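Asks: So that you have it, the file is data-v1.pdb, and it contains PDB, C-alpha atoms and all ligand atoms:
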```pdb
ATOM      1  CA  MET A   2      10.733 -19.606 -16.994  1.00  0.00           C
ATOM      2  CA  VAL A   3       9.721 -22.574 -19.115  1.00  0.00           C
ATOM      3  CA  LEU A   4      10.796 -26.002 -17.975  1.00  0.00           C
ATOM      4  CA  ASN A   5      11.211 -28.868 -20.366  1.00  0.00           C
ATOM      5  CA  ILE A   6       9.478 -31.366 -18.122  1.00  0.00           C
ATOM      6  CA  GLU A   7      10.106 -34.320 -20.448  1.00  0.00           C
ATOM      7  CA  SER A   8      13.883 -33.923 -20.088  1.00  0.00           C
ATOM      8  CA  LEU A   9      13.661 -33.586 -16.304  1.00  0.00           C
ATOM      9  CA  GLN A  10      11.634 -36.718 -15.632  1.00  0.00           C
ATOM     10  CA  SER A  11      13.242 -38.901 -13.019  1.00  0.00           C
ATOM     11  CA  LYS A  12      15.120 -41.977 -14.071  1.00  0.00           C
ATOM     12  CA  THR A  13      14.384 -45.136 -12.134  1.00  0.00           C
ATOM     13  CA  THR A  14      16.986 -45.274  -9.394  1.00  0.00           C
ATOM     14  CA  THR A  15      17.049 -46.578  -5.833  1.00  0.00           C
ATOM     15  CA  SER A  16      19.865 -44.449  -4.394  1.00  0.00           C
ATOM     16  CA  LEU A  17      21.044 -40.894  -4.918  1.00  0.00           C
ATOM     17  CA  LYS A  18      23.685 -38.777  -3.154  1.00  0.00           C
ATOM     18  CA  CYS A  19      22.404 -36.386  -0.498  1.00  0.00           C
ATOM     19  CA  PRO A  20      22.668 -32.738  -1.685  1.00  0.00           C
ATOM     20  CA  ILE A  21      23.769 -31.674   1.824  1.00  0.00           C
ATOM     21  CA  CYS A  22      26.294 -34.233   3.097  1.00  0.00           C
ATOM     22  CA  GLY A  23      26.957 -36.352  -0.003  1.00  0.00           C
ATOM     23  CA  PHE A  24      26.073 -39.581   1.777  1.00  0.00           C
ATOM     24  CA  LYS A  25      23.858 -42.218   0.181  1.00  0.00           C
ATOM     25  CA  GLY A  26      20.120 -41.556   0.108  1.00  0.00           C
ATOM     26  CA  ASN A  27      17.528 -44.228  -0.543  1.00  0.00           C
ATOM     27  CA  CYS A  28      14.257 -43.887  -2.408  1.00  0.00           C
ATOM     28  CA  VAL A  29      11.465 -43.991   0.177  1.00  0.00           C
ATOM     29  CA  LYS A  30       8.523 -43.248  -2.119  1.00  0.00           C
ATOM     30  CA  SER A  31       7.488 -42.244  -5.615  1.00  0.00           C
ATOM     31  CA  ILE A  32       4.783 -39.659  -6.137  1.00  0.00           C
ATOM     32  CA  SER A  33       2.902 -39.176  -9.385  1.00  0.00           C
ATOM     33  CA  SER A  34       1.895 -35.729 -10.617  1.00  0.00           C
ATOM     34  CA  ASP A  35      -1.751 -36.775 -10.174  1.00  0.00           C
ATOM     35  CA  GLU A  36      -1.100 -37.613  -6.504  1.00  0.00           C
ATOM     36  CA  ILE A  37       0.608 -34.240  -5.997  1.00  0.00           C
ATOM     37  CA  LYS A  38      -2.327 -32.398  -7.577  1.00  0.00           C
ATOM     38  CA  ARG A  39      -4.822 -34.379  -5.493  1.00  0.00           C
ATOM     39  CA  SER A  40      -2.888 -33.750  -2.248  1.00  0.00           C
ATOM     40  CA  LEU A  41      -2.603 -30.030  -2.941  1.00  0.00           C
ATOM     41  CA  SER A  42      -6.270 -29.866  -3.864  1.00  0.00           C
ATOM     42  CA  ASP A  43      -7.224 -31.579  -0.588  1.00  0.00           C
ATOM     43  CA  TYR A  44      -4.817 -29.496   1.508  1.00  0.00           C
ATOM     44  CA  PHE A  45      -5.958 -26.132   0.153  1.00  0.00           C
ATOM     45  CA  SER A  46      -9.573 -27.180  -0.527  1.00  0.00           C
ATOM     46  CA  SER A  47      -9.136 -25.762  -3.995  1.00  0.00           C
ATOM     47  CA  LYS A  48      -8.595 -27.468  -7.338  1.00  0.00           C
ATOM     48  CA  PRO A  49      -5.517 -26.355  -9.340  1.00  0.00           C
ATOM     49  CA  SER A  50      -6.127 -24.860 -12.770  1.00  0.00           C
ATOM     50  CA  ASP A  51      -6.014 -27.034 -15.892  1.00  0.00           C
ATOM     51  CA  ASN A  52      -2.620 -25.639 -16.983  1.00  0.00           C
ATOM     52  CA  PHE A  53      -1.074 -26.545 -13.614  1.00  0.00           C
ATOM     53  CA  GLU A  54       2.292 -28.256 -14.229  1.00  0.00           C
ATOM     54  CA  VAL A  55       3.879 -30.606 -11.724  1.00  0.00           C
ATOM     55  CA  MET A  56       5.941 -33.682 -12.458  1.00  0.00           C
ATOM     56  CA  ASP A  57       6.292 -37.158 -11.062  1.00  0.00           C
ATOM     57  CA  CYS A  58       9.096 -37.382  -8.522  1.00  0.00           C
ATOM     58  CA  ASP A  59      10.860 -39.753  -6.176  1.00  0.00           C
ATOM     59  CA  ILE A  60      11.554 -38.884  -2.541  1.00  0.00           C
ATOM     60  CA  PHE A  61      14.928 -39.944  -1.144  1.00  0.00           C
ATOM     61  CA  LYS A  62      16.073 -40.031   2.479  1.00  0.00           C
ATOM     62  CA  CYS A  63      19.733 -39.645   3.424  1.00  0.00           C
ATOM     63  CA  GLU A  64      21.158 -42.495   5.517  1.00  0.00           C
ATOM     64  CA  ASN A  65      23.430 -40.032   7.345  1.00  0.00           C
ATOM     65  CA  CYS A  66      21.618 -36.749   8.040  1.00  0.00           C
ATOM     66  CA  THR A  67      18.001 -37.962   7.354  1.00  0.00           C
ATOM     67  CA  LEU A  68      17.322 -35.108   4.910  1.00  0.00           C
ATOM     68  CA  GLU A  69      14.477 -35.948   2.548  1.00  0.00           C
ATOM     69  CA  TYR A  70      14.813 -34.560  -0.973  1.00  0.00           C
ATOM     70  CA  ALA A  71      13.135 -34.920  -4.320  1.00  0.00           C
ATOM     71  CA  ASP A  72      14.435 -36.272  -7.597  1.00  0.00           C
ATOM     72  CA  PRO A  73      14.354 -34.468  -9.906  1.00  0.00           C
ATOM     73  CA  PHE A  74      15.690 -31.695  -7.654  1.00  0.00           C
ATOM     74  CA  VAL A  75      14.176 -28.744  -9.526  1.00  0.00           C
ATOM     75  CA  PRO A  76      12.021 -25.734  -8.624  1.00  0.00           C
ATOM     76  CA  GLY A  77       8.282 -25.797  -9.151  1.00  0.00           C
ATOM     77  CA  SER A  78       6.862 -24.534 -12.432  1.00  0.00           C
ATOM     78  CA  ASP A  79       5.528 -21.011 -12.914  1.00  0.00           C
ATOM     79  CA  SER A  80       1.984 -22.383 -13.062  1.00  0.00           C
ATOM     80  CA  PHE A  81       2.557 -24.180  -9.741  1.00  0.00           C
ATOM     81  CA  TYR A  82       3.797 -21.029  -7.947  1.00  0.00           C
ATOM     82  CA  ASN A  83       1.179 -18.814  -9.575  1.00  0.00           C
ATOM     83  CA  TRP A  84      -1.500 -21.104  -8.168  1.00  0.00           C
ATOM     84  CA  VAL A  85      -0.064 -22.044  -4.769  1.00  0.00           C
ATOM     85  CA  THR A  86       0.984 -18.522  -3.727  1.00  0.00           C
ATOM     86  CA  THR A  87      -2.574 -17.305  -4.229  1.00  0.00           C
ATOM     87  CA  ARG A  88      -4.033 -19.908  -1.842  1.00  0.00           C
ATOM     88  CA  GLU A  89      -5.324 -18.352   1.356  1.00  0.00           C
ATOM     89  CA  ASP A  90      -3.277 -20.558   3.718  1.00  0.00           C
ATOM     90  CA  TYR A  91      -0.014 -20.687   1.744  1.00  0.00           C
ATOM     91  CA  TYR A  92       1.753 -17.983   3.747  1.00  0.00           C
ATOM     92  CA  PRO A  93       1.689 -18.636   7.507  1.00  0.00           C
ATOM     93  CA  SER A  94       0.321 -15.957   9.811  1.00  0.00           C
ATOM     94  CA  GLU A  95       2.919 -16.897  12.422  1.00  0.00           C
ATOM     95  CA  ARG A  96       6.186 -18.822  12.587  1.00  0.00           C
ATOM     96  CA  TRP A  97       8.258 -19.738  15.644  1.00  0.00           C
ATOM     97  CA  GLU A  98      11.418 -18.104  14.265  1.00  0.00           C
ATOM     98  CA  TRP A  99       9.771 -14.702  13.811  1.00  0.00           C
ATOM     99  CA  LYS A 100       9.308 -14.361  17.582  1.00  0.00           C
ATOM    100  CA  TYR A 101      12.886 -15.579  18.200  1.00  0.00           C
ATOM    101  CA  PHE A 102      14.413 -13.071  15.777  1.00  0.00           C
ATOM    102  CA  THR A 103      12.229 -10.221  17.023  1.00  0.00           C
ATOM    103  CA  GLU A 104      13.419 -10.841  20.594  1.00  0.00           C
ATOM    104  CA  THR A 105      17.023 -11.240  19.456  1.00  0.00           C
ATOM    105  CA  PHE A 106      16.953  -7.952  17.526  1.00  0.00           C
ATOM    106  CA  ARG A 107      15.250  -6.154  20.440  1.00  0.00           C
ATOM    107  CA  LYS A 108      17.978  -7.325  22.819  1.00  0.00           C
ATOM    108  CA  ALA A 109      20.703  -6.328  20.370  1.00  0.00           C
ATOM    109  CA  ALA A 110      19.137  -2.885  19.884  1.00  0.00           C
ATOM    110  CA  SER A 111      19.021  -2.243  23.645  1.00  0.00           C
ATOM    111  CA  ILE A 112      22.743  -2.955  24.173  1.00  0.00           C
TER     112      ILE A 112
HETATM  113 ZN    ZN B 201      22.717 -36.144   4.107  1.00  0.00          ZN
END
```
Output the file's structure as C-alpha cells, nothing else.
Replies:
Amino acid sequence: MVLNIESLQSKTTTSLKCPICGFKGNCVKSISSDEIKRSLSDYFSSKPSDNFEVMDCDIFKCENCTLEYADPFVPGSDSFYNWVTTREDYYPSERWEWKYFTETFRKAASI
C-alpha cells in the first residue's frame, strides 16, 4: 500500500470529534515526524532505516470518554510496519489478557 502522505497531512485544528463516542476532542499535543522517529529510535535502541515514512500528527483527547486518538487517523506506512515488527521487543512475551482467556477457555472446556 502506498500512502499519499502530502494529502493526509493534518490541518491545523483545535477540536475533532471522537471516533468512539462522537463527543468533542481537544488537541493535547502535536508531534513531528522527527520526534516520532527519535522516540522510536530511543525506545527500541535502533535507528529506523532512511526510507522510514511517518507523518506529523496531532493527538486529541475526548472530553467525554478520555480516548486519545491521532489526526490524521490513518494506519502506519509499510516502511513503518516493516521496521517496527522486526524490532526485538515489539511483540510482548506476555500480556495480562492471555492468562485470563486461557483460564476462561479451560473452565469452559471442563464444563
Ligand atoms: Zn469519546
Asks: For the atom pair CA of Glu64 (chain A) and CA of Ile32 (chain A), what is the interatomic distance in Å to one decimal place?
Replies: 20.3 Å
Asks: For CA of Pro20 (chain A) and CA of Gly77 (chain A), determine how far apart the two atoms are, in Å to one decimal place.
Replies: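 About the pair CA of Pro20 (chain A) and CA of Gly77 (chain A): they are 17.6 Å apart.
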Asks: For Glu89 (chain A), which residue out of A:Ser111, A:Ser47, A:Asn65, A:Ser40 is the nearest one, using only C-alpha atoms?
Replies: A:Ser47
Asks: At most 12 Å is the cut-off: for each residue in chain A with any atom that close to an atom of ligand ZN 201 (chain B), write down the nearest atom pair and the distance in Å rounded to one decimal, counting all atoms listed in the file, chain first then increasing number, as a tab-separated table.
Replies:
```
residue	atom	partner	partner_atom	distance
A:Leu17	CA	B:ZN201	ZN	10.3
A:Lys18	CA	B:ZN201	ZN	7.8
A:Cys19	CA	B:ZN201	ZN	4.6
A:Pro20	CA	B:ZN201	ZN	6.7
A:Ile21	CA	B:ZN201	ZN	5.1
A:Cys22	CA	B:ZN201	ZN	4.2
A:Gly23	CA	B:ZN201	ZN	5.9
A:Phe24	CA	B:ZN201	ZN	5.3
A:Lys25	CA	B:ZN201	ZN	7.3
A:Gly26	CA	B:ZN201	ZN	7.2
A:Asn27	CA	B:ZN201	ZN	10.7
A:Phe61	CA	B:ZN201	ZN	10.1
A:Lys62	CA	B:ZN201	ZN	7.9
A:Cys63	CA	B:ZN201	ZN	4.7
A:Glu64	CA	B:ZN201	ZN	6.7
A:Asn65	CA	B:ZN201	ZN	5.1
A:Cys66	CA	B:ZN201	ZN	4.1
A:Thr67	CA	B:ZN201	ZN	6.0
A:Leu68	CA	B:ZN201	ZN	5.6
A:Glu69	CA	B:ZN201	ZN	8.4
A:Tyr70	CA	B:ZN201	ZN	9.5
```
Asks: May I ask for the distance between CA of Met56 (chain A) and CA of Arg39 (chain A), given in Å to one decimal place?
Replies: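 That distance, rounded to one decimal, is 12.8 Å.
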